[in-house]
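Student: Take a look at entry-v8.txt, compact mmCIF, C-alpha atoms and all ligand atoms:
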# COMPACT_ATOMS: atom_id res chain seq x y z
CA MET A 264 0.00 0.00 0.00
CA GLN A 265 2.93 2.31 0.76
CA GLN A 266 4.33 1.49 -2.68
CA ALA A 267 0.95 2.00 -4.32
CA VAL A 268 0.59 5.59 -3.09
CA VAL A 269 4.19 6.39 -4.07
CA ASP A 270 3.76 4.90 -7.55
CA HIS A 271 0.47 6.67 -8.12
CA PHE A 272 1.88 9.96 -6.87
CA THR A 273 4.87 9.67 -9.17
CA ALA A 274 2.72 8.80 -12.18
CA LEU A 275 0.43 11.73 -11.42
CA THR A 276 3.01 14.46 -10.86
CA GLY A 277 6.07 13.15 -12.68
CA VAL A 278 8.21 13.29 -9.54
CA ALA A 279 8.53 11.20 -6.39
CA PRO A 280 6.65 12.47 -3.31
CA ALA A 281 8.49 14.46 -0.64
CA GLY A 282 7.44 11.82 1.87
CA VAL A 283 5.09 9.00 2.83
CA TRP A 284 3.15 8.78 6.09
CA ALA A 285 0.84 6.25 7.76
CA ALA A 286 -1.81 6.48 10.49
CA PRO A 287 -3.81 3.50 11.77
CA GLY A 288 -7.41 2.75 12.56
CA ARG A 289 -8.17 1.91 16.16
CA ILE A 290 -10.24 -0.38 18.30
CA ASN A 291 -11.36 0.20 21.86
CA LEU A 292 -10.26 -2.59 24.18
CA ILE A 293 -12.70 -1.49 26.88
CA GLY A 294 -14.54 1.67 27.97
CA GLU A 295 -17.66 2.20 25.85
CA HIS A 296 -19.86 5.33 26.05
CA THR A 297 -17.60 6.61 28.81
CA ASP A 298 -15.97 9.36 26.72
CA TYR A 299 -18.84 11.84 26.73
CA ASN A 300 -19.31 11.16 30.44
CA GLY A 301 -15.85 12.46 31.30
CA GLY A 302 -14.58 8.93 31.86
CA PHE A 303 -11.90 6.54 30.67
CA VAL A 304 -11.15 4.68 27.44
CA LEU A 305 -8.44 2.20 26.45
CA PRO A 306 -8.04 2.01 22.66
CA PHE A 307 -5.18 0.51 20.69
CA ALA A 308 -4.08 0.96 17.07
CA ILE A 309 -4.87 -1.85 14.62
CA PRO A 310 -2.52 -3.02 11.84
CA GLN A 311 -4.74 -1.49 9.13
CA ALA A 312 -3.77 2.08 8.32
CA ALA A 313 -4.16 4.99 5.93
CA TYR A 314 -1.09 5.75 3.76
CA LEU A 315 -0.42 9.15 2.26
CA ALA A 316 2.20 10.24 -0.28
CA ALA A 317 2.54 14.01 -0.34
CA SER A 318 4.52 17.00 -1.59
CA PRO A 319 3.98 20.71 -1.06
CA ARG A 320 2.77 22.75 -4.04
CA PRO A 321 4.18 26.18 -4.80
CA ASP A 322 0.90 27.40 -6.34
CA HIS A 323 -0.96 27.07 -3.01
CA ARG A 324 -3.51 24.72 -4.52
CA TRP A 325 -4.71 21.40 -3.13
CA ARG A 326 -5.20 18.06 -4.83
CA PHE A 327 -6.78 15.24 -2.83
CA VAL A 328 -6.64 11.76 -4.38
CA SER A 329 -8.13 8.54 -2.99
CA LEU A 330 -6.91 5.42 -4.76
CA ASP A 331 -9.58 3.40 -2.98
CA LEU A 332 -12.46 5.52 -4.25
CA ASP A 333 -10.72 6.28 -7.55
CA ASP A 334 -11.46 9.96 -7.09
CA SER A 335 -9.52 13.20 -7.24
CA VAL A 336 -10.60 16.63 -6.00
CA GLU A 337 -8.77 19.92 -6.63
CA ALA A 338 -9.29 23.04 -4.61
CA GLY A 339 -7.90 26.49 -4.00
CA VAL A 340 -7.49 27.65 -0.44
CA ASP A 341 -10.64 29.81 -0.65
CA ASP A 342 -12.63 26.74 -1.62
CA LEU A 343 -12.06 25.18 1.80
CA VAL A 344 -15.31 25.95 3.59
CA PRO A 345 -16.75 24.07 6.61
CA GLY A 346 -19.78 21.96 5.83
CA GLU A 347 -18.35 20.58 2.59
CA SER A 348 -19.39 17.03 1.92
CA GLY A 349 -17.54 14.17 0.23
CA TRP A 350 -14.65 12.04 1.35
CA HIS A 351 -12.05 14.76 0.74
CA ALA A 352 -13.71 16.93 3.43
CA TYR A 353 -11.82 14.91 6.06
CA LEU A 354 -8.51 15.98 4.50
CA ALA A 355 -9.60 19.49 3.54
CA GLY A 356 -10.92 19.87 7.10
CA VAL A 357 -7.44 19.22 8.47
CA VAL A 358 -5.99 21.94 6.23
CA TRP A 359 -8.75 24.30 7.35
CA ALA A 360 -8.27 23.44 11.06
CA LEU A 361 -4.52 24.03 10.82
CA ARG A 362 -5.07 27.40 9.16
CA GLU A 363 -7.77 28.40 11.66
CA ALA A 364 -5.28 27.63 14.44
CA GLY A 365 -2.85 30.04 12.81
CA HIS A 366 -0.48 27.62 11.11
CA GLU A 367 0.94 28.44 7.69
CA VAL A 368 0.04 25.71 5.22
CA GLY A 369 0.54 26.44 1.53
CA GLY A 370 -0.81 23.76 -0.77
CA ALA A 371 -0.05 20.13 -1.52
CA ASP A 372 -0.66 17.09 -3.64
CA LEU A 373 -1.96 14.31 -1.39
CA VAL A 374 -2.41 10.72 -2.60
CA LEU A 375 -4.24 8.47 -0.15
CA SER A 376 -4.93 4.77 0.19
CA SER A 377 -6.18 2.97 3.27
CA ASP A 378 -6.97 -0.58 4.29
CA VAL A 379 -9.00 0.48 7.33
CA PRO A 380 -12.49 -0.77 6.45
CA ILE A 381 -14.93 2.11 6.06
CA GLY A 382 -17.85 2.29 8.48
CA ALA A 383 -16.86 -0.79 10.50
CA GLY A 384 -16.30 1.20 13.69
CA LEU A 385 -12.52 1.03 13.24
CA SER A 386 -12.27 4.76 12.54
CA SER A 387 -11.21 4.97 8.94
CA SER A 388 -12.06 8.68 9.24
CA ALA A 389 -9.55 9.36 12.04
CA ALA A 390 -6.89 7.42 10.12
CA ILE A 391 -7.20 9.66 7.06
CA GLU A 392 -7.34 12.84 9.17
CA CYS A 393 -4.36 11.87 11.30
CA VAL A 394 -2.20 10.82 8.38
CA THR A 395 -2.96 14.18 6.76
CA ILE A 396 -2.00 16.22 9.79
CA ALA A 397 1.19 14.17 10.24
CA ALA A 398 2.18 14.88 6.64
CA LEU A 399 1.30 18.58 6.69
CA CYS A 400 3.13 19.19 9.97
CA ASP A 401 6.27 17.68 8.45
CA LEU A 402 5.93 19.33 5.04
CA TYR A 403 5.29 22.77 6.51
CA ALA A 404 7.54 22.43 9.59
CA ILE A 405 4.64 22.94 12.00
CA ASP A 406 5.67 22.23 15.55
CA LEU A 407 2.64 20.57 17.15
CA ASP A 408 2.71 17.95 19.90
CA PRO A 409 0.76 14.72 19.24
CA MET A 410 -2.27 15.59 21.41
CA SER A 411 -2.61 19.00 19.72
CA ARG A 412 -2.52 17.24 16.36
CA ALA A 413 -5.25 14.88 17.51
CA ARG A 414 -7.37 17.81 18.68
CA LEU A 415 -7.05 19.62 15.36
CA ALA A 416 -7.98 16.42 13.54
CA GLN A 417 -11.06 16.29 15.77
CA VAL A 418 -11.84 19.93 14.90
CA ALA A 419 -11.68 18.91 11.23
CA GLU A 420 -14.22 16.15 11.80
CA ASN A 421 -16.52 18.18 14.10
CA ALA A 422 -16.43 21.63 12.54
CA TYR A 423 -15.62 20.94 8.89
CA VAL A 424 -17.14 17.54 8.14
CA GLY A 425 -19.87 18.17 10.72
CA ALA A 426 -19.65 14.83 12.55
CA PRO A 427 -19.95 15.34 16.33
CA THR A 428 -17.38 12.76 17.48
CA GLY A 429 -15.17 12.62 20.57
CA LEU A 430 -11.39 12.82 20.68
CA MET A 431 -10.63 9.15 21.29
CA ASP A 432 -10.29 8.11 17.64
CA GLN A 433 -7.83 10.83 16.68
CA ALA A 434 -5.88 10.49 19.93
CA ALA A 435 -5.54 6.75 19.38
CA SER A 436 -4.53 7.06 15.72
CA THR A 437 -1.91 9.66 16.61
CA LEU A 438 -0.57 8.58 20.01
CA CYS A 439 -0.73 4.78 20.08
CA THR A 440 2.44 2.73 20.07
CA ALA A 441 3.08 -0.90 19.13
CA ASP A 442 2.31 -3.48 21.85
CA HIS A 443 0.48 -0.90 23.94
CA ALA A 444 -3.02 0.34 24.56
CA LEU A 445 -3.58 4.03 25.21
CA PHE A 446 -5.27 4.81 28.50
CA MET A 447 -7.03 8.15 28.18
CA ASP A 448 -8.83 10.25 30.75
CA CYS A 449 -11.44 11.96 28.60
CA ARG A 450 -11.83 14.80 31.10
CA SER A 451 -8.22 15.84 31.68
CA LEU A 452 -7.02 14.38 28.35
CA ALA A 453 -4.12 12.82 30.25
CA THR A 454 -2.85 9.69 28.51
CA GLU A 455 -0.68 6.77 29.47
CA GLN A 456 0.83 3.96 27.41
CA VAL A 457 -0.26 0.62 28.89
CA PRO A 458 1.64 -2.52 27.78
CA LEU A 459 -0.62 -4.90 25.82
CA GLN A 460 1.67 -7.77 24.93
CA VAL A 461 -0.78 -10.53 24.25
CA SER A 462 1.41 -12.48 21.79
CA GLU A 463 4.08 -13.05 24.41
CA ALA A 464 1.45 -14.68 26.60
CA GLY A 465 0.43 -17.02 23.75
CA LEU A 466 -2.74 -15.02 23.13
CA GLU A 467 -4.30 -13.02 20.33
CA ILE A 468 -7.00 -10.41 20.09
CA LEU A 469 -9.38 -11.75 17.48
CA VAL A 470 -11.49 -9.05 15.87
CA VAL A 471 -14.75 -10.15 14.31
CA ASP A 472 -16.33 -7.53 12.07
CA THR A 473 -19.98 -8.57 11.97
CA ARG A 474 -20.51 -6.19 9.04
CA THR A 475 -23.88 -5.29 10.48
CA ARG A 476 -25.01 -1.87 11.53
CA HIS A 477 -28.48 -0.77 12.35
CA SER A 478 -29.76 2.28 10.57
CA HIS A 479 -31.09 3.94 13.74
CA VAL A 480 -27.65 4.18 15.41
CA ASP A 481 -27.54 7.99 15.41
CA GLY A 482 -30.90 8.31 17.14
CA GLU A 483 -30.03 5.66 19.72
CA TYR A 484 -26.69 7.34 20.42
CA ALA A 485 -28.44 10.67 20.95
CA ALA A 486 -30.94 8.99 23.27
CA ARG A 487 -28.13 7.47 25.40
CA ARG A 488 -26.41 10.83 25.66
CA ALA A 489 -29.68 12.50 26.60
CA ALA A 490 -30.28 9.92 29.36
CA CYS A 491 -26.82 10.63 30.78
CA THR A 492 -27.42 14.38 30.66
CA GLU A 493 -30.78 13.94 32.39
CA ALA A 494 -29.21 11.73 35.07
CA CYS A 495 -26.55 14.38 35.73
CA ARG A 496 -29.24 17.02 36.06
CA LEU A 497 -31.16 14.89 38.55
CA LEU A 498 -28.01 14.10 40.52
CA GLY A 499 -26.72 17.68 40.41
CA ILE A 500 -23.35 16.76 38.88
CA ASP A 501 -21.48 17.82 35.74
CA ALA A 502 -20.67 14.37 34.42
CA LEU A 503 -21.32 10.73 35.36
CA ARG A 504 -17.60 10.48 36.04
CA ASP A 505 -18.45 12.22 39.32
CA VAL A 506 -20.78 9.51 40.66
CA ASP A 507 -18.90 8.04 43.59
CA ASP A 508 -21.75 6.27 45.35
CA LEU A 509 -23.51 4.18 42.73
CA ASP A 510 -26.19 2.79 45.08
CA ALA A 511 -27.18 6.25 46.24
CA ALA A 512 -27.32 7.45 42.64
CA LEU A 513 -29.49 4.49 41.63
CA ALA A 514 -31.86 5.15 44.50
CA ALA A 515 -32.29 8.73 43.31
CA LEU A 516 -32.95 7.95 39.63
CA PRO A 517 -35.82 6.57 37.56
CA GLU A 518 -35.22 3.01 36.37
CA LEU A 519 -34.07 3.77 32.83
CA GLU A 520 -31.61 6.51 33.80
CA GLY A 521 -30.41 4.22 36.60
CA GLN A 522 -29.62 1.45 34.15
CA ARG A 523 -27.66 3.82 31.91
CA VAL A 524 -25.76 5.24 34.87
CA ARG A 525 -24.91 1.76 36.15
CA HIS A 526 -23.31 0.94 32.81
CA VAL A 527 -21.23 4.12 32.68
CA VAL A 528 -20.06 3.95 36.30
CA THR A 529 -19.18 0.26 36.23
CA GLU A 530 -17.58 0.59 32.78
CA ASN A 531 -15.25 3.29 34.11
CA GLN A 532 -14.34 0.97 36.98
CA ARG A 533 -13.68 -1.83 34.48
CA VAL A 534 -11.31 0.35 32.44
CA LEU A 535 -9.29 1.14 35.55
CA ALA A 536 -9.32 -2.54 36.52
CA ALA A 537 -8.19 -3.50 32.99
CA VAL A 538 -5.22 -1.12 33.23
CA GLU A 539 -4.33 -2.73 36.53
CA ALA A 540 -4.72 -6.24 35.10
CA LEU A 541 -2.44 -5.34 32.19
CA SER A 542 0.22 -3.96 34.51
CA SER A 543 0.61 -7.50 35.86
CA ASP A 544 -0.15 -9.31 32.57
CA ASP A 545 -3.25 -10.78 34.22
CA PHE A 546 -5.04 -11.79 31.01
CA PRO A 547 -7.71 -14.00 32.59
CA ARG A 548 -8.80 -10.93 34.55
CA LEU A 549 -8.74 -8.76 31.44
CA GLY A 550 -10.90 -11.34 29.66
CA ASP A 551 -13.38 -11.39 32.53
CA LEU A 552 -13.63 -7.58 32.47
CA MET A 553 -14.28 -7.65 28.72
CA THR A 554 -17.11 -10.15 29.11
CA ARG A 555 -18.65 -8.13 31.94
CA SER A 556 -18.40 -5.03 29.81
CA HIS A 557 -20.38 -6.78 27.10
CA ALA A 558 -23.08 -7.87 29.55
CA SER A 559 -23.36 -4.29 30.80
CA MET A 560 -23.73 -2.93 27.26
CA ARG A 561 -26.30 -5.60 26.47
CA ASP A 562 -28.42 -5.46 29.63
CA ASP A 563 -27.98 -1.96 31.07
CA TYR A 564 -27.04 0.29 28.16
CA GLU A 565 -28.97 -1.80 25.64
CA ILE A 566 -26.70 -1.05 22.71
CA THR A 567 -25.80 -4.52 21.45
CA ALA A 568 -27.45 -6.43 18.61
CA PRO A 569 -28.19 -10.10 17.83
CA THR A 570 -25.08 -10.40 15.65
CA VAL A 571 -22.58 -9.11 18.22
CA ASP A 572 -24.28 -11.02 21.05
CA LEU A 573 -23.96 -14.21 19.02
CA ALA A 574 -20.28 -13.61 18.19
CA VAL A 575 -19.51 -13.03 21.88
CA GLU A 576 -21.45 -16.10 22.98
CA VAL A 577 -19.78 -18.40 20.44
CA ALA A 578 -16.28 -17.08 21.16
CA LEU A 579 -16.75 -17.68 24.89
CA ALA A 580 -18.21 -21.15 24.31
CA HIS A 581 -15.10 -22.03 22.27
CA GLY A 582 -12.57 -21.03 24.89
CA ALA A 583 -12.10 -17.26 24.60
CA LEU A 584 -10.84 -15.69 27.84
CA GLY A 585 -13.26 -12.84 27.26
CA ALA A 586 -15.23 -11.15 24.51
CA ARG A 587 -17.15 -7.93 23.95
CA MET A 588 -18.62 -5.68 21.36
CA THR A 589 -16.48 -2.62 20.72
CA GLY A 590 -17.56 0.76 19.40
CA GLY A 591 -20.77 2.76 19.57
CA GLY A 592 -23.07 -0.24 19.33
CA PHE A 593 -25.90 -1.91 17.42
CA GLY A 594 -23.49 -4.04 15.42
CA GLY A 595 -19.91 -3.42 14.38
CA CYS A 596 -16.96 -5.41 15.70
CA VAL A 597 -16.45 -7.89 18.51
CA LEU A 598 -13.10 -8.38 20.25
CA ALA A 599 -12.24 -11.75 21.71
CA LEU A 600 -9.15 -12.47 23.79
CA VAL A 601 -8.19 -15.99 22.70
CA HIS A 602 -5.38 -18.52 22.93
CA ALA A 603 -3.30 -18.30 19.75
CA GLY A 604 -4.04 -21.97 19.02
CA ASP A 605 -7.81 -21.30 19.12
CA VAL A 606 -7.93 -18.50 16.55
CA VAL A 607 -8.97 -20.68 13.61
CA ASP A 608 -11.39 -22.75 15.65
CA ILE A 609 -13.12 -19.70 17.12
CA SER A 610 -13.36 -17.74 13.90
CA SER A 611 -14.81 -20.74 12.05
CA ALA A 612 -17.25 -21.41 14.88
CA VAL A 613 -18.48 -17.81 14.69
CA GLU A 614 -18.76 -18.06 10.91
CA ALA A 615 -20.77 -21.29 11.17
CA ALA A 616 -23.09 -19.82 13.81
CA PHE A 617 -23.66 -16.72 11.64
CA SER A 618 -24.48 -18.85 8.65
CA GLU A 619 -26.91 -20.93 10.69
CA ALA A 620 -28.60 -17.80 12.04
CA GLY A 621 -28.94 -16.40 8.52
CA PHE A 622 -26.53 -13.48 9.20
CA ASP A 623 -24.05 -12.24 6.57
CA ALA A 624 -20.60 -13.83 6.85
CA PRO A 625 -18.38 -11.96 9.34
CA VAL A 626 -14.80 -10.93 8.58
CA SER A 627 -12.15 -11.75 11.19
CA PHE A 628 -8.59 -10.48 11.65
CA LEU A 629 -5.97 -10.31 14.36
CA GLY A 630 -5.92 -7.02 16.24
CA ARG A 631 -2.23 -6.81 17.04
CA PRO A 632 -1.55 -3.51 18.86
CA SER A 633 0.26 -1.41 16.25
CA PRO A 634 2.09 1.94 16.04
CA GLY A 635 0.31 5.29 15.67
CA ALA A 636 0.83 7.99 13.03
CA ARG A 637 4.36 8.09 11.63
CA ARG A 638 6.52 9.03 8.70
CA LEU A 639 7.58 6.01 6.65
CA ALA A 640 9.87 7.62 4.10
P1 LIG B 1 -15.52 5.06 10.30
O1 LIG B 1 -16.20 4.37 11.43
O2 LIG B 1 -14.88 4.09 9.37
O3 LIG B 1 -14.61 6.15 10.75
P2 LIG B 1 -16.94 7.30 9.24
O4 LIG B 1 -18.31 7.43 8.66
O5 LIG B 1 -16.61 8.09 10.44
O6 LIG B 1 -16.70 5.74 9.47
O7 LIG B 1 -15.88 7.67 8.12
C1 LIG B 1 -15.93 7.05 6.87
C2 LIG B 1 -15.70 8.07 5.76
O8 LIG B 1 -14.31 8.47 5.74
C3 LIG B 1 -15.98 7.51 4.38
O9 LIG B 1 -17.34 7.61 4.06
C4 LIG B 1 -15.11 8.41 3.52
O10 LIG B 1 -15.74 9.65 3.30
C5 LIG B 1 -13.90 8.64 4.41
N1 LIG B 1 -12.84 7.65 4.10
C6 LIG B 1 -12.38 6.66 4.89
N2 LIG B 1 -11.42 5.93 4.26
C7 LIG B 1 -11.27 6.49 3.05
C8 LIG B 1 -10.44 6.21 1.91
N3 LIG B 1 -9.58 5.19 1.91
N4 LIG B 1 -10.57 7.02 0.82
C9 LIG B 1 -11.44 8.04 0.82
N5 LIG B 1 -12.23 8.35 1.84
C10 LIG B 1 -12.18 7.59 2.94
MG MG B 2 -15.25 7.79 11.97
Could you render the structure from this file as structure tokens?
Tutor:
Amino acid sequence: MQQAVVDHFTALTGVAPAGVWAAPGRINLIGEHTDYNGGFVLPFAIPQAAYLAASPRPDHRWRFVSLDLDDSVEAGVDDLVPGESGWHAYLAGVVWALREAGHEVGGADLVLSSDVPIGAGLSSSAAIECVTIAALCDLYAIDLDPMSRARLAQVAENAYVGAPTGLMDQAASTLCTADHALFMDCRSLATEQVPLQVSEAGLEILVVDTRTRHSHVDGEYAARRAACTEACRLLGIDALRDVDDLDAALAALPELEGQRVRHVVTENQRVLAAVEALSSDDFPRLGDLMTRSHASMRDDYEITAPTVDLAVEVALAHGALGARMTGGGFGGCVLALVHAGDVVDISSAVEAAFSEAGFDAPVSFLGRPSPGARRLA
């Protein structure tokens, strides 16, 4: 893929690119729907990444090319206006966010290709934003620390593309390192690299993309956020992060808000417990926390779906140490912590169960914790 973007760039412009960069997709090990509650998340970078070959342009114009979509968009700097639609808005948004923040960016040819599946909850959007900001910072000698880069990539997605997403995806794509998960406090934005060396323990993280997504996800997401906001109002706190007596909170809330709060509060506790488990390579405990997280999403937050519930159930029945849905919910991917020798058995068992249930065939891959955004050449 690196070679493909270089070759295409060279064929297009007649000269080799000034550089090549990569930024990965991400998956959340544990900590779902905690971000907008001021809580904790623990994502890691997946092997799939966006690759970008780029050179500055003296004429201050922009050319965005996606090999995957076989599309090319040219723009002058005055054409970059928030609210633009189309895939190139994610890249144009990064240019716009950098300029809004006062950084001098001239123009560039950008040739992109990515193997992060689109719309699978693996954040193909953050990958293409973060690879763009990495390239532009290098090409235009912009001195920005990794978290500031992630925040500008988020500005691109929120203000330019118009997608109201949190910071986790961009932080993970930018800050993750190989063999680590990234612990992030979504309130203070403090981060910590947590060792996640599953291979050395004879384990793998099997990712099952169920390739299902319900169409009402946006409305359900908004409803969960609204329930959390309402619970905070009733409890007189700013964020569910601040609930320190869960029983007292539950006693003060209507049943539905109580259920939602129980998920968020216990999920935050599980993230902290997972970090602790990883510090002592206690993988059985990590697996148990993952499975509990899934039960909490299924029963209290009510954001799972028949496909992901089935994948979790089958993985556990075939010897997984733990399994859970990851991402916003109502489909998407399942993570299973499995013995390396069980990978084939578990993925075929899930496939067979999906076929029997009449679901589309899932796609499985190994989620080896990979490096974040970087220059390759
Ligand atoms: P995801 O969960 O994968 O991040 P999003 O809807 O947030 O899903 O972002 C997907 C969008 O990002 C695509 O619809 C497309 O506009 C853009 N995108 C992602 N990967 C590519 C690519 N390789 N080439 C062009 N655009 C891409
Ligand atoms: Mg996205």
Student: What lies within 7 Å of Val424 of chain A using all atoms listed in the file, ignoring chain neighbours under 6 positions off, as a count of residues only?
Tutor: 7
Student: Could you please determine the separation between atom CA of Cys400 of chain A and atom CA of Gln433 of chain A in Å, to one decimal place?
Tutor: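 Those two atoms sit 15.3 Å apart.
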Student: Could you state the separation of atom CA of Asp605 of chain A and atom CA of Thr473 of chain A in Å, given to one decimal place?
Tutor: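 Rounded to one decimal, the two atoms are 19.0 Å apart.
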Student: When you count all atoms listed in the file, which of these residues is closest to ligand LIG 1 (chain B): A:Gly630, A:Gly621, A:Pro458, A:Gly288?
Tutor: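 Of A:Gly630, A:Gly621, A:Pro458, A:Gly288, the one nearest ligand LIG 1 (chain B) is A:Gly288, counting all atoms listed in the file.
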Student: Which residues are close to segment 579-588 of chain A, i.e. within 8 Å by all atoms listed in the file, leaving aside same-chain residues fewer than 4 positions away? Reply as a PyMOL selection string.
Tutor: chain A and resi 546-547+549-554+556-557+567+571-572+575+592+594-602+605+608-609+612
Student: Given the selection you just returned, output its residues as a file containing C-alpha atoms, formatted as a compact mmCIF listing (two decimals), in the coordinates of the input.
Tutor:
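Wrote it out as selection.txt, contents follow:
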# COMPACT_ATOMS: atom_id res chain seq x y z
CA PHE A 546 -5.04 -11.79 31.01
CA PRO A 547 -7.71 -14.00 32.59
CA LEU A 549 -8.74 -8.76 31.44
CA GLY A 550 -10.90 -11.34 29.66
CA ASP A 551 -13.38 -11.39 32.53
CA LEU A 552 -13.63 -7.58 32.47
CA MET A 553 -14.28 -7.65 28.72
CA THR A 554 -17.11 -10.15 29.11
CA SER A 556 -18.40 -5.03 29.81
CA HIS A 557 -20.38 -6.78 27.10
CA THR A 567 -25.80 -4.52 21.45
CA VAL A 571 -22.58 -9.11 18.22
CA ASP A 572 -24.28 -11.02 21.05
CA VAL A 575 -19.51 -13.03 21.88
CA GLY A 592 -23.07 -0.24 19.33
CA GLY A 594 -23.49 -4.04 15.42
CA GLY A 595 -19.91 -3.42 14.38
CA CYS A 596 -16.96 -5.41 15.70
CA VAL A 597 -16.45 -7.89 18.51
CA LEU A 598 -13.10 -8.38 20.25
CA ALA A 599 -12.24 -11.75 21.71
CA LEU A 600 -9.15 -12.47 23.79
CA VAL A 601 -8.19 -15.99 22.70
CA HIS A 602 -5.38 -18.52 22.93
CA ASP A 605 -7.81 -21.30 19.12
CA ASP A 608 -11.39 -22.75 15.65
CA ILE A 609 -13.12 -19.70 17.12
CA ALA A 612 -17.25 -21.41 14.88
Student: What is the distance, in Å and to one decimal place, between atom CA of Ser633 of chain A and atom CA of Leu402 of chain A?
Tutor: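 About the pair atom CA of Ser633 of chain A and atom CA of Leu402 of chain A: they are 24.2 Å apart.
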Student: Find the axis-aligned box for ligand LIG 1 (chain B), covering all its listed atoms and adding 3 Å on each side, and write its centre and edge lengths in Å to one decimal as AutoDock Vina command-line options.
Tutor:
--center_x -13.9 --center_y 6.9 --center_z 6.1 --size_x 14.7 --size_y 11.6 --size_z 16.6
Student: Show me which residues line ligand MG 2 (chain B), defined as having an atom within 9 Å of a ligand atom where only C-alpha atoms and all ligand atoms count, and present them as JSON, numbers by chain.
Tutor: {"A": [381, 382, 383, 384, 385, 386, 387, 388, 389, 390, 420, 426, 428, 432]}
Student: Do a neighbour search on segment 436-439 of chain A at 6 Å with only C-alpha atoms, toss out local chain neighbours closer than 2 positions, and write the hits as a PyMOL selection string.
Tutor: chain A and resi 286-287+308+433-434+445+634-636
Student: For ligand LIG 1 (chain B), which of A:Pro409, A:Gly349, A:Gly482, A:Gly465 is the closest residue, counting only C-alpha atoms and all ligand atoms?
Tutor: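 Ranked by minimum distance to ligand LIG 1 (chain B), first place goes to A:Gly349.
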Student: Using only C-alpha atoms, which of A:Val357, A:Ala404, A:Ala279, A:Ala317 sits nearest Gln417 of chain A?
Tutor: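 Answer, going by the shortest atom-to-atom distance: A:Val357.
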Student: Could you pull the residues within 8 Å of segment 328-333 of chain A, counting only C-alpha atoms, minus those fewer than 5 positions along the same chain, as a PyMOL selection string?
Tutor: chain A and resi 268+373-377
Student: Counting only C-alpha atoms, which residue out of A:Asn531, A:Thr395, A:Thr475, A:Ser627 sits closest to Ala568 of chain A?
Tutor: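 Comparing A:Asn531, A:Thr395, A:Thr475, A:Ser627 against Ala568 of chain A, the winner is A:Thr475.
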Student: Which residues come within 12 Å of Glu539 of chain A, counting only C-alpha atoms, excluding same-chain residues fewer than 2 positions away, as JSON, numbers by chain?
Tutor: {"A": [305, 446, 457, 458, 459, 532, 533, 534, 535, 536, 537, 541, 542, 543, 544, 545, 546, 548, 549, 552]}
